[in-house]
Structures are given as structure tokens and as C-alpha cells.
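Remarks on the structure that follows.
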Amino acid sequence: MKLEMKDKPGQLIAALKPISDVEGNIMAIIHQRDPSAAPGDTIDVQIMLDLPGSKLESLVETLTSQGVNVVRIGEERLLIRRSVILIGHIMHTDLTDTVDRIDSSGLAEVAELGMVMPAINEPSSAKITLKSSSLEEIGRAIDLLRSVAREKGLLVIEPLEEYP
Amino acid sequence: MRIALLGFGSVGRGIAEAVSEKDLGLSITAVADSRSGIIDADGIDIRDVLERKRTTGLCGTPGITADDVIESGVYDVLVEVTPTNADSANPALGYITRALAAGRHVVTSNKGPIALRYDALMQLAASRNVQLRYEATVCGAIPLIQALEIGLAGNTITALNGVFNGTCNYILTRMTDEGLSYSQALLEARELGYAEADPTYDVKGVDAAIKLVILANSIWGLNASLDDVDITGIDGLTTDALALAEDLNCTIRLIGEIIPEKRILKVSPRVLSKDHSLVVRDTLNAVTVETDMAGEITLIGRGAGSRETASAIIADILFIRDCHVERT
């Protein structure tokens, strides 16, 4: 999000504290101070953060009440990613259909797909990364992928634990 | 304490060697292999028996059987280390049952009887006021059962997962390190004696699943059987899949997993971060136990081998002697 605030001591802290109060994870802060700015001018700060969508509204309210102007909120990104490995005749069991069934489920999107095809008639191996906005949905998307794979005779190798 | 030994393959010989080399206060009074036997209430000269087995393939006199050994009654503990039969558990199940019924302690490395008849055997042992111990059935030398029963007594065990099959772990290690194909790595494992001539039980995940059944029944009383385990082996894995995991700074291991609350009883190849504590090399086994008080505990060690299995068997025998016999 892009914020606009008064150029005076303590303002940046005042903007960051509400983010940690709602357990947001700040990933980057971009703040370029304009040397020609006069005291009392406003400055722009861009903050990249990871926050459950449900808490965004209350964060904006708190920031506004502290005199920080929220200029722009960037598009919500699907931050939860999970990769699994598929083995089998991935292409010849209609890969487009496999991807479509995940994408059209509304639970997750296929974000990445890397495939190795050693030789005709030999099983291919693919790494498929799904992204979603919640742990619950990505779990259901993996369940869906598992059932599609079973139907198509593909082996799914899932992570033992969550990892980024 | 007097021991009768049923089975004189590599595990049986490992136990005999350890008993003869180390001053453990144990005396072997009877031995039987599949074709012969020897019984001497005053104690057998183990070096003779080992030498005879090496030169003739027999441990004793043809015609003396395991049943004769059991009926001889010249022992305090029956050590049953015959090969596993996962379908019927016999003949080991019969040997163990008869020894327990006769009021003898039993120590076994045999997964079949423990996986198939845990409850019935434990009840029989309790009714005769004797011990049945089976540390060697799961993860070889790792004192997992002892840790769960004694070391973690009072904890609620909430979940357990680990690497339970050294053969599969060796194959996966070699596929990752050298880019070998599955069949090349399997061939190498066979040449090194890590895989059986028929490796089906290992590579299809059945061996790991049997160990999960033993743990499910002994730790949680789930009364599970092999049919309750969701099993996927490593025989469908490709070198490419391991390379793709590598791109994620991960690798693949065959993991056995029990989460009773979610009714999960599963053996499957899984993607793990390379620095995960269960990512052990070669034929090692590793188990992580999740508990309410102690948190997570991971045990790593050798899961197979003659001396390693003997270590678990001897620990069980000494536990019975020091914690049961001498107290009563």
C-alpha cells in the first residue's frame, strides 16, 4: 500500500505500529525523503505487507485515524504457495484439464509448472505450484489435485510439512 | 539368565556373538535353526555352534526342532528371531504363543506376530505374568519402544512420523546423490546386501506399513491391520522427480506417518526440506515423536543389521532380567 504522511518525527512509527498490532508481516518499506521538502510537507511511503484480508479494513481505519492517508492499496496477492511433485503420463492424461480443474475450483491457481519428459512412453515428472489466499483453501485444492491424479493414474508426492 | 534362541540367521548369530563376546551374564541353553537344533541345560559353547553353522550350515543336530527347544523348558527367555511372515505370522506366532503359555518371557524381532496379534499376545503374557518385548521389530537399534514406554511415560503421544525402511532410504539417497535411476539404485542396494532378492516388501512400502501397524497398536491401541494403512511405495519414483525437489532445496523420502486424531495411518514418498531432521542418509532410520509435554523428539540410528538388531534384542532381555525377574 502507498501511504502519505506528514514529514515529521514519529510519523513512520505511527504508521507501522498499527500494522504489527493486527499481526501484519511487513516485507518491505520504500521511503525516499525528498531533500527539498519543507517541514510540514507530506511524504510518500510504500509498504509491502502480508496480512489476512479480513484485517485490511480495520488497518486502514486505524491509519486514517492517526492522520496517515492511504493513497493506494495494491492488488491482493495470493500468498500461500504449495508445491507438489507429480509423476506419470502427465501430458497424455490431459494436462490442460488437470490445470483447469484446479483453476476453476476457485480454491487455488496453478502458479508454476515445471516438467521433465525423459522419453516417449516413460513417465514424466512435474513440479506444480499452487497458490491460494488461505491455508484451508490450499489444503482443499491439494485434496482435489490428489483425486484428479488418482483418476488419471498419476503419483502425487506431497510435502511433509508446510514450507514457503 | 538362560536364553533359548529360535532362528540362527544373521540376527541369531549376531545375538550369539554378542553373548559370547561380552560379559552380559547371559547363557544360551538352546538354539534351533530351520533344519537342526541343540539343547543343553548347562549352557552351550557358542563358539562351537557358530563354527558348525559356518562350516555345515547347521547349528546343531538334524531332527531337533524349534518345538523341541520350546518344550525343553531349559530357558527363562525365548528369543524368537525367525524370518517374518507378514501374512500368517507363522510359525513364529505358534512359537511365541507356546512359550508365553508355558510361562516364559519372549523377546522377538519378528514383525508378523506383533503386527497381527499384539493384543492377544500381550493378554496372554499378562495372564502368565511374563514379558513379551519387541523392540527389534521397529527401527532396529533405535530404542523407540523403550523411549515411548519408559522415557516418555506420562506423555500423550499425539503423532509420529519417520523413515522406517533403510532399503528405500538407501535407494533414494543414491538416486539423489548420483542421479541413478530407481532400478540402478535398487540393483546397487541388492549387491550391497541392503535389499532382499525380492525387494517388493521394502520398495512398495509394506515393511514400513507393518511397523506403523505395530506402533499404532502398541502405542495407541488402535487395533489396526495392514489394510488400514494408506500405502504408496517408492517404485514409481523418477530421478527427475528428485531433481525437481532439489530445485526447491528439498528432497524425497519414504515417510511413515501416524496421526490418530485425524485417523491418518500412511506410508508415502514425501517432499521434505533438505535440512529436515528426518532427511537421513543411506540405510539410517529416523523417527520423530510428537508429545504433549516433551514436545518433539527425534531418534536417528541404524534400522537393520545383525549387530544392530542384536543390540535391541539384548536390551530387551536385560530389561526383563533387571526390571522384572530380579524384582519378583
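Chain labels A, B, ... are given in the sequence in which chains occur in the C-alpha cells; within each chain residues are numbered consecutively from 1, and ligands are likewise numbered from 1 in the order shown.
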Surrounding residues of Met175 (chain B) excluding itself and chain neighbours under 5 positions, 8 Å, only C-alpha atoms, as a ChimeraX atom specification:
/B:180-182,185,239,242
With N, CA and C atoms retained, write the just-selected residues as a PDB file, in the first residue's frame.
```pdb
ATOM      1  N   LEU B 180      21.197 -41.718 -10.074  1.00  0.00           N
ATOM      2  CA  LEU B 180      20.900 -43.067 -10.552  1.00  0.00           C
ATOM      3  C   LEU B 180      19.397 -43.204 -10.805  1.00  0.00           C
ATOM      4  N   SER B 181      19.042 -44.095 -11.718  1.00  0.00           N
ATOM      5  CA  SER B 181      17.628 -44.384 -11.899  1.00  0.00           C
ATOM      6  C   SER B 181      17.187 -45.273 -10.738  1.00  0.00           C
ATOM      7  N   TYR B 182      15.877 -45.402 -10.564  1.00  0.00           N
ATOM      8  CA  TYR B 182      15.366 -46.250  -9.495  1.00  0.00           C
ATOM      9  C   TYR B 182      15.918 -47.673  -9.624  1.00  0.00           C
ATOM     10  N   ALA B 185      19.633 -47.917  -8.705  1.00  0.00           N
ATOM     11  CA  ALA B 185      19.856 -47.793  -7.254  1.00  0.00           C
ATOM     12  C   ALA B 185      19.415 -49.064  -6.525  1.00  0.00           C
ATOM     13  N   THR B 239      14.167 -40.203 -11.218  1.00  0.00           N
ATOM     14  CA  THR B 239      15.302 -39.345 -10.888  1.00  0.00           C
ATOM     15  C   THR B 239      14.926 -37.880 -11.135  1.00  0.00           C
ATOM     16  N   LEU B 242      13.233 -36.325  -8.156  1.00  0.00           N
ATOM     17  CA  LEU B 242      14.188 -35.932  -7.115  1.00  0.00           C
ATOM     18  C   LEU B 242      14.912 -34.642  -7.499  1.00  0.00           C
TER      19      LEU B 242
END
```
Set out as a Markdown table a contact list for chain B and chain A with a cut-off of 9 Å, giving each residue of chain B that qualifies its closest atom pair and distance in Å to one decimal, counting only C-alpha atoms, ordered by chain and rising residue number.
```
| residue | atom | partner | partner_atom | distance |
| --- | --- | --- | --- | --- |
| B:Thr232 | CA | A:Leu155 | CA | 8.8 |
| B:Gly236 | CA | A:Leu155 | CA | 7.6 |
| B:Leu237 | CA | A:Ile87 | CA | 7.2 |
| B:Thr238 | CA | A:Ser125 | CA | 7.1 |
| B:Thr239 | CA | A:Ser125 | CA | 8.7 |
| B:Asp240 | CA | A:Ser125 | CA | 5.9 |
| B:Ala241 | CA | A:Ser125 | CA | 5.3 |
| B:Leu244 | CA | A:Lys127 | CA | 6.2 |
| B:Ala245 | CA | A:Ile85 | CA | 7.6 |
| B:Leu248 | CA | A:Ser83 | CA | 8.7 |
| B:Ile252 | CA | A:Ile157 | CA | 8.2 |
| B:Ile255 | CA | A:Leu160 | CA | 8.2 |
| B:Ser268 | CA | A:Ile157 | CA | 7.7 |
| B:Pro269 | CA | A:Ile157 | CA | 5.9 |
| B:Arg270 | CA | A:Glu158 | CA | 5.2 |
| B:Val271 | CA | A:Pro159 | CA | 4.3 |
| B:Leu272 | CA | A:Leu160 | CA | 5.9 |
| B:Ser273 | CA | A:Tyr163 | CA | 8.0 |
```
When you look at Thr167 (chain B) with a cut-off of 9 Å (counting only C-alpha atoms), what residues show up, excluding the ones that are within fewer than 6 positions of it in the same chain? I need them as a compact mmCIF listing (two decimals) with N, CA and C atoms, in the first residue's frame.
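The resulting file, result-v5.txt, is shown below:
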```txt
# COMPACT_ATOMS: atom_id res chain seq x y z
N LEU B 186 18.32 -49.66 -7.00
CA LEU B 186 17.84 -50.90 -6.39
C LEU B 186 18.85 -52.03 -6.59
N ALA B 189 21.65 -51.55 -4.24
CA ALA B 189 21.25 -51.92 -2.88
C ALA B 189 21.28 -53.43 -2.70
N TYR B 194 21.70 -54.71 1.00
CA TYR B 194 20.72 -53.89 1.71
C TYR B 194 19.29 -54.24 1.29
N ALA B 195 19.16 -54.87 0.12
CA ALA B 195 17.82 -55.23 -0.34
C ALA B 195 17.74 -56.74 -0.51
N GLU B 196 16.57 -57.29 -0.22
CA GLU B 196 16.36 -58.72 -0.40
C GLU B 196 16.31 -59.05 -1.89
N PRO B 199 12.61 -57.56 -3.39
CA PRO B 199 12.55 -56.33 -2.59
C PRO B 199 11.14 -55.75 -2.47
N ASP B 202 9.90 -54.10 0.77
CA ASP B 202 10.57 -52.85 1.10
C ASP B 202 10.12 -51.71 0.20
N VAL B 203 10.29 -51.89 -1.12
CA VAL B 203 10.08 -50.75 -2.02
C VAL B 203 8.62 -50.38 -2.20
N ASP B 282 21.60 -42.79 3.51
CA ASP B 282 21.85 -44.22 3.34
C ASP B 282 20.80 -45.08 4.04
N THR B 283 21.26 -46.07 4.83
CA THR B 283 20.27 -47.02 5.39
C THR B 283 19.75 -46.59 6.77
N LEU B 284 20.05 -45.37 7.18
CA LEU B 284 19.61 -44.94 8.52
C LEU B 284 18.08 -44.87 8.61
```
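Going from CA of Ser133 (chain A) to CA of Glu57 (chain A) covers 16.7 Å.
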When DSSP is applied to the backbone of this structure, which of chain A are assigned alpha helix (DSSP H)? Write them out as an NGL selection string.
:A and (11-21 or 56-65 or 95-103 or 135-152)
